[in-house]
Structure formats: C-alpha cells, structure tokens
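So this one's input.cif, mmCIF, C-alpha atoms:
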data_query
#
loop_
_atom_site.label_atom_id
_atom_site.label_comp_id
_atom_site.auth_asym_id
_atom_site.auth_seq_id
_atom_site.Cartn_x
_atom_site.Cartn_y
_atom_site.Cartn_z
CA MET A 9 48.23 -10.65 15.04
CA GLU A 10 50.05 -7.32 14.85
CA SER A 11 47.96 -4.21 14.28
CA ARG A 12 49.15 -1.76 11.66
CA THR A 13 48.15 1.85 11.58
CA ALA A 14 48.10 3.64 8.26
CA VAL A 15 50.39 6.62 8.18
CA PRO A 16 48.35 9.61 7.01
CA VAL A 17 49.68 11.34 3.94
CA PRO A 18 49.90 15.08 4.43
CA ASP A 19 47.35 17.27 2.70
CA PRO A 20 48.71 19.29 -0.24
CA GLN A 21 49.65 22.72 1.01
CA PRO A 22 49.72 25.96 -0.98
CA PRO A 23 53.20 27.47 -1.18
CA ASP A 24 51.97 30.96 -0.25
CA LEU A 25 48.98 31.36 2.08
CA ASN A 26 49.15 35.13 1.54
CA TRP A 27 48.68 34.83 -2.23
CA PRO A 28 45.75 37.03 -3.33
CA ARG A 29 42.32 35.52 -3.85
CA TYR A 30 40.48 36.44 -7.04
CA SER A 31 37.04 34.94 -6.43
CA THR A 32 34.51 35.22 -3.64
CA ARG A 33 33.67 31.50 -3.45
CA SER A 34 34.62 29.43 -0.44
CA PHE A 35 37.04 26.56 -0.80
CA PRO A 36 35.83 22.96 -0.44
CA ASP A 37 36.13 21.28 2.96
CA TYR A 38 39.23 19.36 1.84
CA ARG A 39 41.56 18.87 -1.11
CA PHE A 40 40.75 15.73 -3.06
CA VAL A 41 43.74 13.41 -3.40
CA PRO A 42 42.96 10.17 -5.28
CA GLY A 43 43.28 7.12 -3.06
CA GLN A 44 43.59 9.23 0.09
CA THR A 45 40.42 11.27 0.52
CA PRO A 46 36.78 10.59 -0.39
CA HIS A 47 35.95 11.22 -4.03
CA PRO A 48 34.12 14.56 -4.03
CA ARG A 49 31.17 13.45 -6.17
CA ARG A 50 30.98 9.64 -5.92
CA ASP A 51 31.58 9.07 -2.21
CA PRO A 52 28.73 9.94 0.18
CA CYS A 53 31.37 11.64 2.37
CA GLY A 54 32.63 13.70 -0.58
CA HIS A 55 32.61 17.48 -0.35
CA SER A 56 30.39 17.77 -3.45
CA TYR A 57 28.35 14.59 -3.11
CA GLY A 58 24.75 15.01 -4.25
CA GLN A 59 25.34 18.50 -5.61
CA PRO A 60 24.55 19.16 -9.26
CA GLU A 61 27.50 19.10 -11.64
CA PRO A 62 28.61 22.72 -12.19
CA LYS A 63 27.92 24.10 -15.66
CA PRO A 64 30.38 26.95 -16.31
CA VAL A 65 29.34 29.32 -19.06
CA SER A 66 31.52 30.64 -21.84
CA PHE A 67 32.68 34.25 -21.89
CA PRO A 68 34.85 36.33 -24.21
CA PRO A 69 38.55 36.19 -23.24
CA ALA A 70 38.63 39.98 -22.80
CA HIS A 71 36.01 39.65 -20.04
CA TRP A 72 37.96 37.16 -17.93
CA GLN A 73 37.62 39.30 -14.79
CA THR A 74 33.81 38.90 -14.89
CA SER A 75 33.89 35.08 -14.86
CA GLU A 76 33.55 33.86 -11.29
CA ASP A 77 34.20 30.32 -12.58
CA TYR A 78 37.54 31.30 -14.12
CA LEU A 79 38.61 33.30 -11.07
CA TYR A 80 37.61 30.44 -8.78
CA GLY A 81 39.57 27.95 -10.91
CA ILE A 82 42.67 30.13 -10.53
CA ASP A 83 42.13 30.35 -6.76
CA LEU A 84 41.69 26.58 -6.47
CA TYR A 85 44.91 26.03 -8.43
CA ASN A 86 46.94 28.51 -6.37
CA PHE A 87 45.72 27.08 -3.06
CA ALA A 88 46.53 23.44 -3.95
CA TYR A 89 42.98 22.28 -4.77
CA TRP A 90 44.36 20.84 -7.98
CA TRP A 91 41.70 18.22 -8.70
CA GLU A 92 38.98 20.78 -8.05
CA SER A 93 40.65 23.40 -10.28
CA HIS A 94 41.04 20.76 -13.00
CA GLU A 95 37.26 20.19 -12.82
CA VAL A 96 36.47 23.92 -13.11
CA PHE A 97 38.85 24.40 -16.05
CA GLU A 98 37.50 21.29 -17.73
CA GLY A 99 33.96 22.68 -17.49
CA LEU A 100 35.15 25.94 -19.04
CA TRP A 101 37.02 24.02 -21.74
CA HIS A 102 33.80 22.24 -22.71
CA ALA A 103 31.82 25.51 -22.58
CA VAL A 104 34.13 27.46 -24.91
CA GLY A 105 34.90 24.61 -27.32
CA HIS A 106 37.89 22.32 -27.47
CA ASN A 107 39.30 23.65 -30.74
CA THR A 108 39.39 27.34 -29.88
CA GLU A 109 42.24 29.48 -28.64
CA GLN A 110 40.45 29.84 -25.31
CA GLY A 111 39.79 26.08 -25.20
CA ASN A 112 43.49 25.41 -25.81
CA PHE A 113 44.31 27.79 -22.95
CA PHE A 114 41.93 26.01 -20.58
CA GLN A 115 43.37 22.65 -21.58
CA ALA A 116 46.84 23.99 -20.66
CA LEU A 117 45.52 24.99 -17.22
CA ILE A 118 43.94 21.53 -16.84
CA GLN A 119 47.31 19.95 -17.59
CA LEU A 120 49.14 22.20 -15.12
CA ALA A 121 46.67 21.35 -12.35
CA ALA A 122 47.06 17.64 -13.12
CA ALA A 123 50.86 18.04 -13.16
CA ASN A 124 50.77 19.48 -9.64
CA LEU A 125 48.62 16.62 -8.39
CA LYS A 126 50.85 13.99 -10.04
CA HIS A 127 53.92 15.64 -8.55
CA PHE A 128 52.33 15.62 -5.09
CA LEU A 129 51.52 11.91 -5.50
CA GLY A 130 55.16 11.20 -6.40
CA ASN A 131 54.66 10.48 -10.09
CA ASN A 132 57.26 12.94 -11.35
CA THR A 133 57.44 11.49 -14.87
CA ALA A 134 53.72 12.05 -15.42
CA ALA A 135 53.97 15.49 -13.77
CA GLN A 136 56.77 16.57 -16.10
CA ASN A 137 54.96 15.23 -19.19
CA LEU A 138 51.77 17.07 -18.25
CA ALA A 139 53.71 20.27 -17.53
CA ARG A 140 55.50 20.05 -20.89
CA ASN A 141 52.19 19.54 -22.69
CA GLY A 142 50.74 22.53 -20.83
CA ILE A 143 53.75 24.67 -21.79
CA THR A 144 53.35 23.67 -25.45
CA ARG A 145 49.70 24.73 -25.35
CA LEU A 146 50.53 28.02 -23.60
CA GLN A 147 53.04 28.83 -26.33
CA SER A 148 50.19 29.05 -28.84
CA VAL A 149 48.23 31.76 -26.99
CA PRO A 150 49.17 35.46 -26.84
CA PRO A 151 51.95 36.40 -24.38
CA SER A 152 49.35 38.09 -22.18
CA TYR A 153 46.03 36.29 -22.07
CA MET A 154 43.02 36.41 -19.78
CA GLY A 155 44.88 38.34 -17.09
CA ILE A 156 47.93 36.05 -17.08
CA ASP A 157 51.44 36.99 -18.18
CA VAL A 158 51.64 33.79 -20.21
CA ALA A 159 55.20 34.48 -21.40
CA CYS A 160 56.42 34.80 -17.79
CA LEU A 161 54.42 31.77 -16.64
CA THR A 162 55.81 29.68 -19.51
CA GLU A 163 59.37 30.77 -18.73
CA THR A 164 58.90 29.97 -15.03
CA LEU A 165 57.41 26.56 -15.85
CA GLN A 166 60.33 25.74 -18.14
CA ALA A 167 62.81 26.73 -15.44
CA ARG A 168 60.88 24.57 -12.95
CA LEU A 169 61.32 21.56 -15.23
CA MET A 170 65.07 22.15 -15.38
CA SER A 171 65.54 22.61 -11.64
CA PRO A 172 62.95 20.67 -9.62
CA HIS A 173 61.16 22.71 -7.01
CA PRO A 174 58.50 21.39 -4.63
CA HIS A 175 55.75 23.39 -6.39
CA PHE A 176 54.89 24.47 -9.86
CA PRO A 177 54.51 28.27 -10.10
CA LEU A 178 51.41 30.03 -8.88
CA ILE A 179 49.22 31.88 -11.35
CA GLY A 180 48.90 35.61 -10.83
CA LEU A 181 46.25 37.67 -12.54
CA GLY A 182 46.84 41.20 -13.83
CA GLN A 183 44.86 42.93 -11.15
CA ARG A 184 42.83 41.73 -8.25
CA ARG A 185 39.10 42.02 -8.78
CA GLU A 186 38.68 44.52 -5.95
CA GLN A 187 41.22 46.83 -7.61
CA GLN A 188 39.39 46.57 -10.92
CA ASP A 189 36.10 47.53 -9.26
CA VAL A 190 37.69 50.73 -7.88
CA GLU A 191 38.84 52.00 -11.27
#
Now that the file is in, can you turn its structure into structure tokens?
Amino acid sequence: MESRTAVPVPDPQPPDLNWPRYSTRSFPDYRFVPGQTPHPRRDPCGHSYGQPEPKPVSFPPAHWQTSEDYLYGIDLYNFAYWWESHEVFEGLWHAVGHNTEQGNFFQALIQLAAANLKHFLGNNTAAQNLARNGITRLQSVPPSYMGIDVACLTETLQARLMSPHPHFPLIGLGQRREQQDVE
C-alpha cells in the first residue's frame, strides 16, 4: 500500500510585517485556519483551549483608543489572525448592541475578517460577498470613525473587488497609541 503524505497548507501571512501595532497584547501561538489547525477553543491543542471566553466591554466610539480589545482586534486583522479578529469584533458587537451605529461598524469588521479568511481558503465567491456586505455597512457610518478613515478604506475595498489582489487592505488607525500618550 502506497503511503501518502499530506501537503501542508501555508500559514496565512500578513502583507506587511512592519505595519504598526496598536495594542500591547501578544498574538496567539498560531493563526486558526478551519480544517487545517486545531480549533482554538474546542481542541485540547488549541491556543485558547480551557481559557474563559473573553468578554469585551462597550465603550463610546470617541474613546476607541482606550479600548485594548478594539486595538487588539485591529492588530489581529492586520497580521492575518482573521478568525481571532472576527472573535474579538464579534464580542464587541454583542457588547455595544447589534442595532447601533457602533454595532453596525463592528459587524462590517467581522465581515472583512471573514472575507480574508474565505479568500485565503480559496472561496473567492464567499470572500467577495462578505467584502461587499462589509462595504455596505461601512457606508452607513461617518467617513472617519473610531480612528479609521472609513471613506478611504471603503474606496480601497471597492478597488480590491474590481482588481483582485492577494490581500484585502490593512486597517490603519489615526495615530498609534504611543503617539497619543505623548500628546
């Protein structure tokens, strides 16, 4: 009988390792990719197995730079921890309320994280649908919201849908936290 060796699928890689970090939290030991790596919470080998479910707390949109959860979610997204960022944004979405402007914004970020993961897994139709839904949600928040130039992000996302690129755009925040602390 012939032995077959599974070909490992590469880990998702961030497009820019020099992108600024906004939070002080460490990244998980690995990026969860469904069907390829242990489920973070359900598998005993998972990076978050046995840990309590995080409970992000709500905060006013104007105080985005004080929310370590929000900043960490942005970092996770930008460094290709898309499932993990989805989880953080989903916790924030529940904390602020689903039918609020801020909740709509978090749902857009959830959809963008999921779009990246679907794209990585080769499901481009689902990725594009999720990205379009995220763009639609972003169009109903102010052009600058919670440190993000939403108008620019939306424009970049739309261009990405028209001309496929290996990555969806990264999310930059107005100022890095360290710079804000100096002022």
Checklist entry - Which residues fall under the PyMOL selection byres ((chain A and resi 175) around 12) in this file, as a PyMOL selection string? => result chain A and resi 20-24+85-88+90+120-121+123-128+132+135-136+139+164-165+167-169+171-174+176-179
Checklist entry - Skipping near chain neighbours, those fewer than 3 positions away, what residues fall within 10 Å of Gly182 of chain A using only C-alpha atoms, listed as a ChimeraX atom specification? => result /A:73,152-157,179,185,188
Item to check | All residues 10 Å or closer to Asp37 of chain A, only C-alpha atoms, same chain fewer than 3 positions away omitted, as an MDAnalysis selection string | outcome: chainID A and resid 34 40 48 54:56
Checklist entry - So which residues get picked by the PyMOL selection byres ((chain A and resi 32) around 12) here, written as a ChimeraX atom specification? => result /A:28-31,33-35,74-84,184-186
Checklist entry - For the atom pair atom CA of Gly58 of chain A and atom CA of Leu100 of chain A, what is the interatomic distance in Å to one decimal place? => result 21.1 Å
Item to check | Two-atom distance - atom CA of His71 of chain A, atom CA of Asn107 of chain A (Å) | outcome: 19.5 Å
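Those residues that approach Ser148 of chain A to within 10 Å, counting all atoms listed in the file, are A:Glu109, A:Asn112, A:Phe113, A:Ile143, A:Thr144, A:Val158; same-chain residues fewer than 4 positions away are not listed.
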Checklist entry - Do you have the atom CA of Ser93 of chain A-atom CA of Tyr38 of chain A distance handy? => result 12.9 Å
Next on the checklist: Here's the selection I'm unsure about, the PyMOL selection byres ((chain A and resi 103-106) around 12); applied to the file above, which residues does it give, as number ranges by chain?
Outcome noted: A: 62-69, 77-78, 96-102, 107-116
Checklist entry - For Gly180 of chain A, which residue among A:Leu138, A:Leu161, A:Gln59, A:Arg49 is the nearest when counting only C-alpha atoms? => result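 Among A:Leu138, A:Leu161, A:Gln59, A:Arg49, it is A:Leu161 that comes nearest to Gly180 of chain A.
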